[in-house]
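S.K.: Structure provided below as structure tokens; questions to follow.
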Amino acid sequence: MHNKLNILFICNKSPWPPHEGGPIAMNNLIEGVVAAGHKVKVLAINTNKYNVDISDIPEDYKKQTNIELVYIDLSLKPIPAFLNLFTGKSYHVERFISDNFREKLKEVLLNQKFDIVQIETLFMSPYIDTIREFSKAPIVLRAHNIEYLIWTRVASITRNPFKKAYLKHLAKTLENYEKNILNKYDGIIPISSKDEHFFTQTSTNPVLTISFGVDTSNLKNEDSECEHALFHIGAMNWIPNQEGIKWFLDQVWPKVNRELPQLKLYLAGREMPNWLKELNQNNVVVVGEVPDAYSFIKSKSISIAPLFSGSGIRIKIIESMALGKAVISTTIGAEGINYTENENIMIADDAKSTVEAIKELYTNKDKCDTIGKNARSLILEEHDNSKLVDRLLNFYHKIM
């Protein structure tokens with residue numbers, strides 16, 4: 001049993017409500033640490049992109065996490081974005097720098113003594129100096145992704161030459177920042193073992209992969225009636241999700257719809273872009289944001305997650321697997337999951353193999369069910385939140 005720790009979580013968006021990947025990953029650890037009997041304080045940025053009204057946060061959650069939010073406008077400003085081309089600094093990171101946030105952080109650090117400060121995502125790294133000035137606590141980075149890799153991959157598949165050049169610039173400055181800042185931390189916690197290699201090569205810090213955990217008591221897979229259909233769920237303001245769905249609708253769906261005319265595809269997620277809302281394709285249902293992601297996932301049988309950029313781990317894939325769904329994803333999409341192809345997931349990296357995988361799962365319901373059952377066993381074994389929180393606490397003690 002560990003001594004009771006006091007941990008400050010610094011988050012790039014509010015972990016509540018846990019409605020998309022980042023907040024879900026932050027919230028699961030925060031709630032896990034609280035459940036293990038430790039004291040937690042959450043200081044998060046509130047943004048125009050993920051705006052949370054503090055009065056909507058449940059009272060018991062506020063009491064457990066002592067959560068405070070500081071507003072920063074993260075909207076893209078053309079002039080600073082252009083001028084940034086000449087500074088060599090990362091525009092991605094610069095947008096998160098705020099005097100108000102620094103002042104609030106200073107106030108929090110002067111009022112309480114923390115044993116550990118955990119920074120969620122690279123983008124909050126500009127506050128390391130303030131933490132060092134007002135606290136002796138070790139600082140840990142929880143790396144949700146290798147951030148520059150996402151932008152390098154996005155740039156590589158962008159066709160417009162001006163946009164491509166600008167994205168390459170963003171990726172390069174972010175890469176320089178990411179590689180230079182890592183040694184300012186005392187420890188690094190990547191979410192995927194694939195990312196771990198980068199962090200051990202790039203920094204001299206202790207590194208421990210702690211994957212995305214699910215509260216297995218919440219993810220009961222009742223054998224409820226479910227429609228034998230395809231679904232995709234994910235925040236659609238995240239570029240890799242948009243790209244993947246666009247590719248799927250252009251390259252895969254017309255063939256699938258011709259060969260399996262009765263099969264339906266449901267698209268769910270926050271921030272549906274207009275081109276999707278106005279989509280008029282046969283048997284494609286654009287659902288938009290759903291009130292309860294788990295209920296939605298439970299209602300269909302086959303999850304598609306076509307991803308060609310991004311890094312880290314795909315939370316919606318883990319949740320779909322935990323709920324016993326057969327998932328078809330790409331090699332990049334399934335990164336960080338210790339899967340066995342064709343046993344607990346289907347991997348398809350091009351249109352032809354994606355069509356084949358869909359046909360196989362749709363026409364062979366037994367295979368579809370077996371892959372779903374195996375997927376659930378894998379997630380319960382490797383992604384149980386309470387086990388992962390234990391590993392996290394051991395890591396804290398090691399660097400303290």
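Here's how to read the names in the structure tokens: chain A, B, ... by the order shown, residue numbers from 1 in each chain, ligand numbers from 1 in the order shown.
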According to DSSP computed on the backbone, where in range 198-347 of chain A is there helix (DSSP H, G or I)? Give the residues as an mmCIF file with C-alpha atoms, in the first residue's frame.

M.R.:
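The file below, result_6.cif, is the result:
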```
data_model
loop_
_atom_site.group_PDB
_atom_site.id
_atom_site.type_symbol
_atom_site.label_atom_id
_atom_site.label_comp_id
_atom_site.auth_asym_id
_atom_site.auth_seq_id
_atom_site.Cartn_x
_atom_site.Cartn_y
_atom_site.Cartn_z
ATOM 1 C CA PHE A 198 10.858 7.399 -29.142
ATOM 2 C CA PHE A 199 10.877 8.699 -25.557
ATOM 3 C CA THR A 200 13.656 6.389 -24.376
ATOM 4 C CA GLN A 201 15.769 7.342 -27.420
ATOM 5 C CA THR A 202 15.115 11.073 -27.057
ATOM 6 C CA ILE A 239 -8.054 15.662 -38.471
ATOM 7 C CA PRO A 240 -7.037 11.956 -38.580
ATOM 8 C CA ASN A 241 -10.677 10.904 -37.964
ATOM 9 C CA GLN A 242 -11.982 13.176 -40.730
ATOM 10 C CA GLU A 243 -9.355 11.972 -43.185
ATOM 11 C CA GLY A 244 -10.029 8.324 -42.406
ATOM 12 C CA ILE A 245 -13.796 8.644 -42.879
ATOM 13 C CA LYS A 246 -13.399 10.654 -46.085
ATOM 14 C CA TRP A 247 -11.119 7.921 -47.461
ATOM 15 C CA PHE A 248 -13.570 5.208 -46.360
ATOM 16 C CA LEU A 249 -16.578 6.898 -47.993
ATOM 17 C CA ASP A 250 -14.659 7.565 -51.238
ATOM 18 C CA GLN A 251 -12.664 4.359 -51.622
ATOM 19 C CA VAL A 252 -14.469 1.616 -49.683
ATOM 20 C CA TRP A 253 -18.157 2.302 -49.191
ATOM 21 C CA PRO A 254 -19.265 2.337 -52.882
ATOM 22 C CA LYS A 255 -17.854 -1.206 -53.336
ATOM 23 C CA VAL A 256 -19.320 -2.454 -50.038
ATOM 24 C CA ASN A 257 -22.709 -0.934 -50.835
ATOM 25 C CA ARG A 258 -22.750 -2.615 -54.264
ATOM 26 C CA GLU A 259 -21.879 -6.049 -52.890
ATOM 27 C CA ASN A 274 -20.767 20.231 -42.803
ATOM 28 C CA TRP A 275 -19.656 17.982 -45.665
ATOM 29 C CA LEU A 276 -20.665 14.991 -43.526
ATOM 30 C CA LYS A 277 -23.910 16.517 -42.264
ATOM 31 C CA ALA A 293 -21.229 6.556 -26.462
ATOM 32 C CA TYR A 294 -21.391 3.138 -24.780
ATOM 33 C CA SER A 295 -25.070 2.647 -25.639
ATOM 34 C CA PHE A 296 -24.334 3.596 -29.229
ATOM 35 C CA ILE A 297 -21.376 1.181 -29.472
ATOM 36 C CA LYS A 298 -23.464 -1.624 -27.937
ATOM 37 C CA ILE A 315 -9.567 5.109 -27.112
ATOM 38 C CA LYS A 316 -12.722 4.377 -29.113
ATOM 39 C CA ILE A 317 -11.088 1.196 -30.468
ATOM 40 C CA ILE A 318 -10.269 0.048 -26.918
ATOM 41 C CA GLU A 319 -13.804 0.846 -25.744
ATOM 42 C CA SER A 320 -15.386 -0.935 -28.722
ATOM 43 C CA MET A 321 -13.217 -3.998 -28.069
ATOM 44 C CA ALA A 322 -14.040 -3.876 -24.346
#
```

S.K.: I'd like the contact shell of Ser125 in chain A - 10 Å cut-off, only C-alpha atoms, skipping same-chain residues fewer than 4 positions apart - returned as a list of chain:residue names.

M.R.: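 Here the qualifying residues turn out to be A:Ile10, A:Val93, A:Phe96, A:Ile97, A:Ile119, A:Glu120, A:Thr121, A:Asp129, A:Leu141, A:Tyr177, A:Glu178, A:Ile181, A:Leu182, A:Lys184, A:Tyr185.
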
S.K.: Using the selection just defined, write its residues with C-alpha atoms as a compact mmCIF listing (two decimals), in the first residue's frame.

M.R.:
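As written to disk, result.txt reads:
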```txt
# COMPACT_ATOMS: atom_id res chain seq x y z
CA ILE A 10 -2.29 20.04 -15.30
CA VAL A 93 2.71 25.18 -28.18
CA PHE A 96 -1.20 27.49 -24.84
CA ILE A 97 0.92 30.17 -23.15
CA ILE A 119 1.38 17.41 -17.02
CA GLU A 120 -1.11 15.98 -19.51
CA THR A 121 0.13 16.39 -23.11
CA ASP A 129 9.54 26.72 -15.19
CA LEU A 141 4.77 14.18 -18.62
CA TYR A 177 10.30 21.63 -29.27
CA GLU A 178 9.24 18.10 -28.34
CA ILE A 181 11.76 19.83 -23.72
CA LEU A 182 11.69 16.15 -22.68
CA LYS A 184 13.20 19.07 -18.39
CA TYR A 185 10.83 16.45 -16.97
```

S.K.: So which residues touch Leu85 in chain A within 12 Å, counting only C-alpha atoms, skipping near sequence neighbours fewer than 4 positions away, as a list in words?

M.R.: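 Non-adjacent residues within range: Pro78, Ile79, Pro80, Ala81, Lys89, Ser90, Tyr91, His92, Ala165, Tyr166, Leu167, Lys168, His169, Leu170, Ala171, Lys172 and Thr173 of chain A.
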
S.K.: Just the number, please: distance in Å from CA of Lys194 in chain A to CA of Gly88 in chain A, one decimal.

M.R.: 28.3 Å

S.K.: Suppose you want the space between CA of Ser75 in chain A and CA of Asn48 in chain A; what is it in Å?

M.R.: 7.0 Å

S.K.: For a test of reading the model, state the distance in Å between CA of Trp238 in chain A and CA of Gly22 in chain A, rounded to one decimal.

M.R.: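 Those two atoms sit 11.0 Å apart.
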
S.K.: May I have the residues within 12 Å of Glu103 in chain A as number ranges by chain, using only C-alpha atoms and disregarding those fewer than 2 positions away in the same chain?

M.R.: A: 43, 70, 97-101, 105-110, 127, 130-131, 134

S.K.: Selected residues, N, CA and C atoms, written as a PDB file, in the first residue's frame, please.

M.R.:
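File produced: out37.pdb:
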```
ATOM      1  N   LEU A  43      -6.025  21.285 -12.513  1.00  0.00           N
ATOM      2  CA  LEU A  43      -6.023  22.637 -13.083  1.00  0.00           C
ATOM      3  C   LEU A  43      -6.005  22.467 -14.597  1.00  0.00           C
ATOM      4  N   VAL A  70      -9.199  27.594 -16.446  1.00  0.00           N
ATOM      5  CA  VAL A  70      -8.763  28.933 -16.873  1.00  0.00           C
ATOM      6  C   VAL A  70      -8.977  29.015 -18.383  1.00  0.00           C
ATOM      7  N   ILE A  97       0.251  29.337 -24.152  1.00  0.00           N
ATOM      8  CA  ILE A  97       0.924  30.167 -23.147  1.00  0.00           C
ATOM      9  C   ILE A  97       0.014  31.325 -22.754  1.00  0.00           C
ATOM     10  N   SER A  98      -0.260  31.435 -21.459  1.00  0.00           N
ATOM     11  CA  SER A  98      -1.193  32.461 -20.989  1.00  0.00           C
ATOM     12  C   SER A  98      -0.767  32.975 -19.610  1.00  0.00           C
ATOM     13  N   ASP A  99      -0.747  34.296 -19.464  1.00  0.00           N
ATOM     14  CA  ASP A  99      -0.391  34.893 -18.165  1.00  0.00           C
ATOM     15  C   ASP A  99      -1.405  34.510 -17.097  1.00  0.00           C
ATOM     16  N   ASN A 100      -2.682  34.459 -17.487  1.00  0.00           N
ATOM     17  CA  ASN A 100      -3.731  34.115 -16.511  1.00  0.00           C
ATOM     18  C   ASN A 100      -3.527  32.710 -15.971  1.00  0.00           C
ATOM     19  N   PHE A 101      -3.177  31.790 -16.882  1.00  0.00           N
ATOM     20  CA  PHE A 101      -2.978  30.414 -16.440  1.00  0.00           C
ATOM     21  C   PHE A 101      -1.762  30.335 -15.529  1.00  0.00           C
ATOM     22  N   LEU A 105      -1.726  29.017 -11.685  1.00  0.00           N
ATOM     23  CA  LEU A 105      -0.840  27.902 -11.326  1.00  0.00           C
ATOM     24  C   LEU A 105       0.041  28.282 -10.140  1.00  0.00           C
ATOM     25  N   LYS A 106       0.573  29.496 -10.205  1.00  0.00           N
ATOM     26  CA  LYS A 106       1.433  29.996  -9.115  1.00  0.00           C
ATOM     27  C   LYS A 106       0.641  30.011  -7.801  1.00  0.00           C
ATOM     28  N   GLU A 107      -0.585  30.527  -7.869  1.00  0.00           N
ATOM     29  CA  GLU A 107      -1.448  30.597  -6.675  1.00  0.00           C
ATOM     30  C   GLU A 107      -1.697  29.192  -6.097  1.00  0.00           C
ATOM     31  N   VAL A 108      -1.979  28.226  -6.984  1.00  0.00           N
ATOM     32  CA  VAL A 108      -2.229  26.845  -6.550  1.00  0.00           C
ATOM     33  C   VAL A 108      -0.983  26.266  -5.864  1.00  0.00           C
ATOM     34  N   LEU A 109       0.182  26.514  -6.458  1.00  0.00           N
ATOM     35  CA  LEU A 109       1.434  25.950  -5.919  1.00  0.00           C
ATOM     36  C   LEU A 109       1.831  26.602  -4.593  1.00  0.00           C
ATOM     37  N   LEU A 110       1.486  27.880  -4.417  1.00  0.00           N
ATOM     38  CA  LEU A 110       1.806  28.565  -3.158  1.00  0.00           C
ATOM     39  C   LEU A 110       0.870  28.120  -2.040  1.00  0.00           C
ATOM     40  N   TYR A 127       4.773  25.490 -18.841  1.00  0.00           N
ATOM     41  CA  TYR A 127       4.583  25.840 -17.427  1.00  0.00           C
ATOM     42  C   TYR A 127       5.574  25.129 -16.506  1.00  0.00           C
ATOM     43  N   THR A 130       7.506  27.581 -14.176  1.00  0.00           N
ATOM     44  CA  THR A 130       6.694  28.097 -13.064  1.00  0.00           C
ATOM     45  C   THR A 130       6.585  27.049 -11.958  1.00  0.00           C
ATOM     46  N   ILE A 131       6.400  25.785 -12.359  1.00  0.00           N
ATOM     47  CA  ILE A 131       6.290  24.710 -11.357  1.00  0.00           C
ATOM     48  C   ILE A 131       7.605  24.592 -10.582  1.00  0.00           C
ATOM     49  N   PHE A 134       8.031  27.307  -7.911  1.00  0.00           N
ATOM     50  CA  PHE A 134       7.175  27.340  -6.710  1.00  0.00           C
ATOM     51  C   PHE A 134       6.897  25.969  -6.102  1.00  0.00           C
TER      52      PHE A 134
END
```

S.K.: Which neighbours of range 50-67 of chain A fall inside 7 Å, counting only C-alpha atoms, when residues of the same chain fewer than 5 positions from it are skipped, and could you give them as a short mmCIF file (atom, residue, chain, number, x, y, z; two decimals) with C-alpha atoms, in the first residue's frame?

M.R.:
```
data_model
loop_
_atom_site.label_atom_id
_atom_site.label_comp_id
_atom_site.auth_asym_id
_atom_site.auth_seq_id
_atom_site.Cartn_x
_atom_site.Cartn_y
_atom_site.Cartn_z
CA LYS A 13 -8.59 20.61 -21.62
CA TRP A 16 -14.90 16.45 -17.47
CA VAL A 40 -5.98 15.17 -6.42
CA LYS A 41 -6.12 18.72 -7.71
CA VAL A 42 -6.98 19.39 -11.36
CA LEU A 43 -6.02 22.64 -13.08
#
```

S.K.: Let's see if you can do this: from backbone DSSP, list all strand (DSSP E or B) residues in range 50-100 of chain A, as a ChimeraX atom specification.

M.R.: /A:68-72

S.K.: Can you write out the residues you just picked, keeping C-alpha atoms, as an mmCIF file, in the first residue's frame?

M.R.:
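Final file, part.cif:
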```cif
data_model
loop_
_atom_site.group_PDB
_atom_site.id
_atom_site.type_symbol
_atom_site.label_atom_id
_atom_site.label_comp_id
_atom_site.auth_asym_id
_atom_site.auth_seq_id
_atom_site.Cartn_x
_atom_site.Cartn_y
_atom_site.Cartn_z
ATOM 1 C CA GLU A 68 -10.397 24.776 -11.627
ATOM 2 C CA LEU A 69 -10.552 25.993 -15.238
ATOM 3 C CA VAL A 70 -8.763 28.933 -16.873
ATOM 4 C CA TYR A 71 -10.012 30.142 -20.265
ATOM 5 C CA ILE A 72 -7.628 30.415 -23.245
#
```

S.K.: Which polymer residues have any atom within 12 Å of an atom of Leu263 in chain A, counting only C-alpha atoms, with same-chain residues fewer than 6 positions away left out, as a PyMOL selection string?

M.R.: chain A and resi 227-231+253-257+282-285+300-302+358-359+361-363

S.K.: Could you check the closest approach to Leu219 in chain A for each of A:Ile45, A:Cys11, A:Ile304, A:Leu323 and tell me which residue wins, using only C-alpha atoms?

M.R.: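 That would be A:Leu323, the residue with the smallest distance to Leu219 in chain A.
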
S.K.: Looking at A:Val214, A:Cys226, A:Ala357, A:Val140, which one is nearest to Glu381 in chain A, with distances taken over only C-alpha atoms?

M.R.: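 Result for the nearest residue to Glu381 in chain A: A:Val214.
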
S.K.: Closest to Gly269 in chain A among A:Val286, A:Leu174, A:Ala235, A:Leu5, using only C-alpha atoms?

M.R.: A:Ala235

S.K.: Would you list the contacts of Ala305 in chain A as an mmCIF file with C-alpha atoms, in the first residue's frame, taking every protein, DNA or RNA residue within 7 Å and counting only C-alpha atoms, but skipping same-chain residues closer than 2 positions in sequence?

M.R.:
```cif
data_model
loop_
_atom_site.group_PDB
_atom_site.id
_atom_site.type_symbol
_atom_site.label_atom_id
_atom_site.label_comp_id
_atom_site.auth_asym_id
_atom_site.auth_seq_id
_atom_site.Cartn_x
_atom_site.Cartn_y
_atom_site.Cartn_z
ATOM 1 C CA HIS A 232 -17.648 4.670 -36.552
ATOM 2 C CA SER A 303 -16.575 -1.001 -35.628
ATOM 3 C CA LEU A 307 -6.712 5.829 -39.508
ATOM 4 C CA ILE A 328 -11.606 -3.332 -38.426
ATOM 5 C CA SER A 329 -8.725 -0.854 -38.277
ATOM 6 C CA GLY A 333 -5.060 2.790 -35.936
#
```

S.K.: Taking into account only C-alpha atoms, which residue in the set A:Glu20, A:Pro15, A:Arg391, A:Glu147 is nearest to Arg270 in chain A?

M.R.: A:Glu20
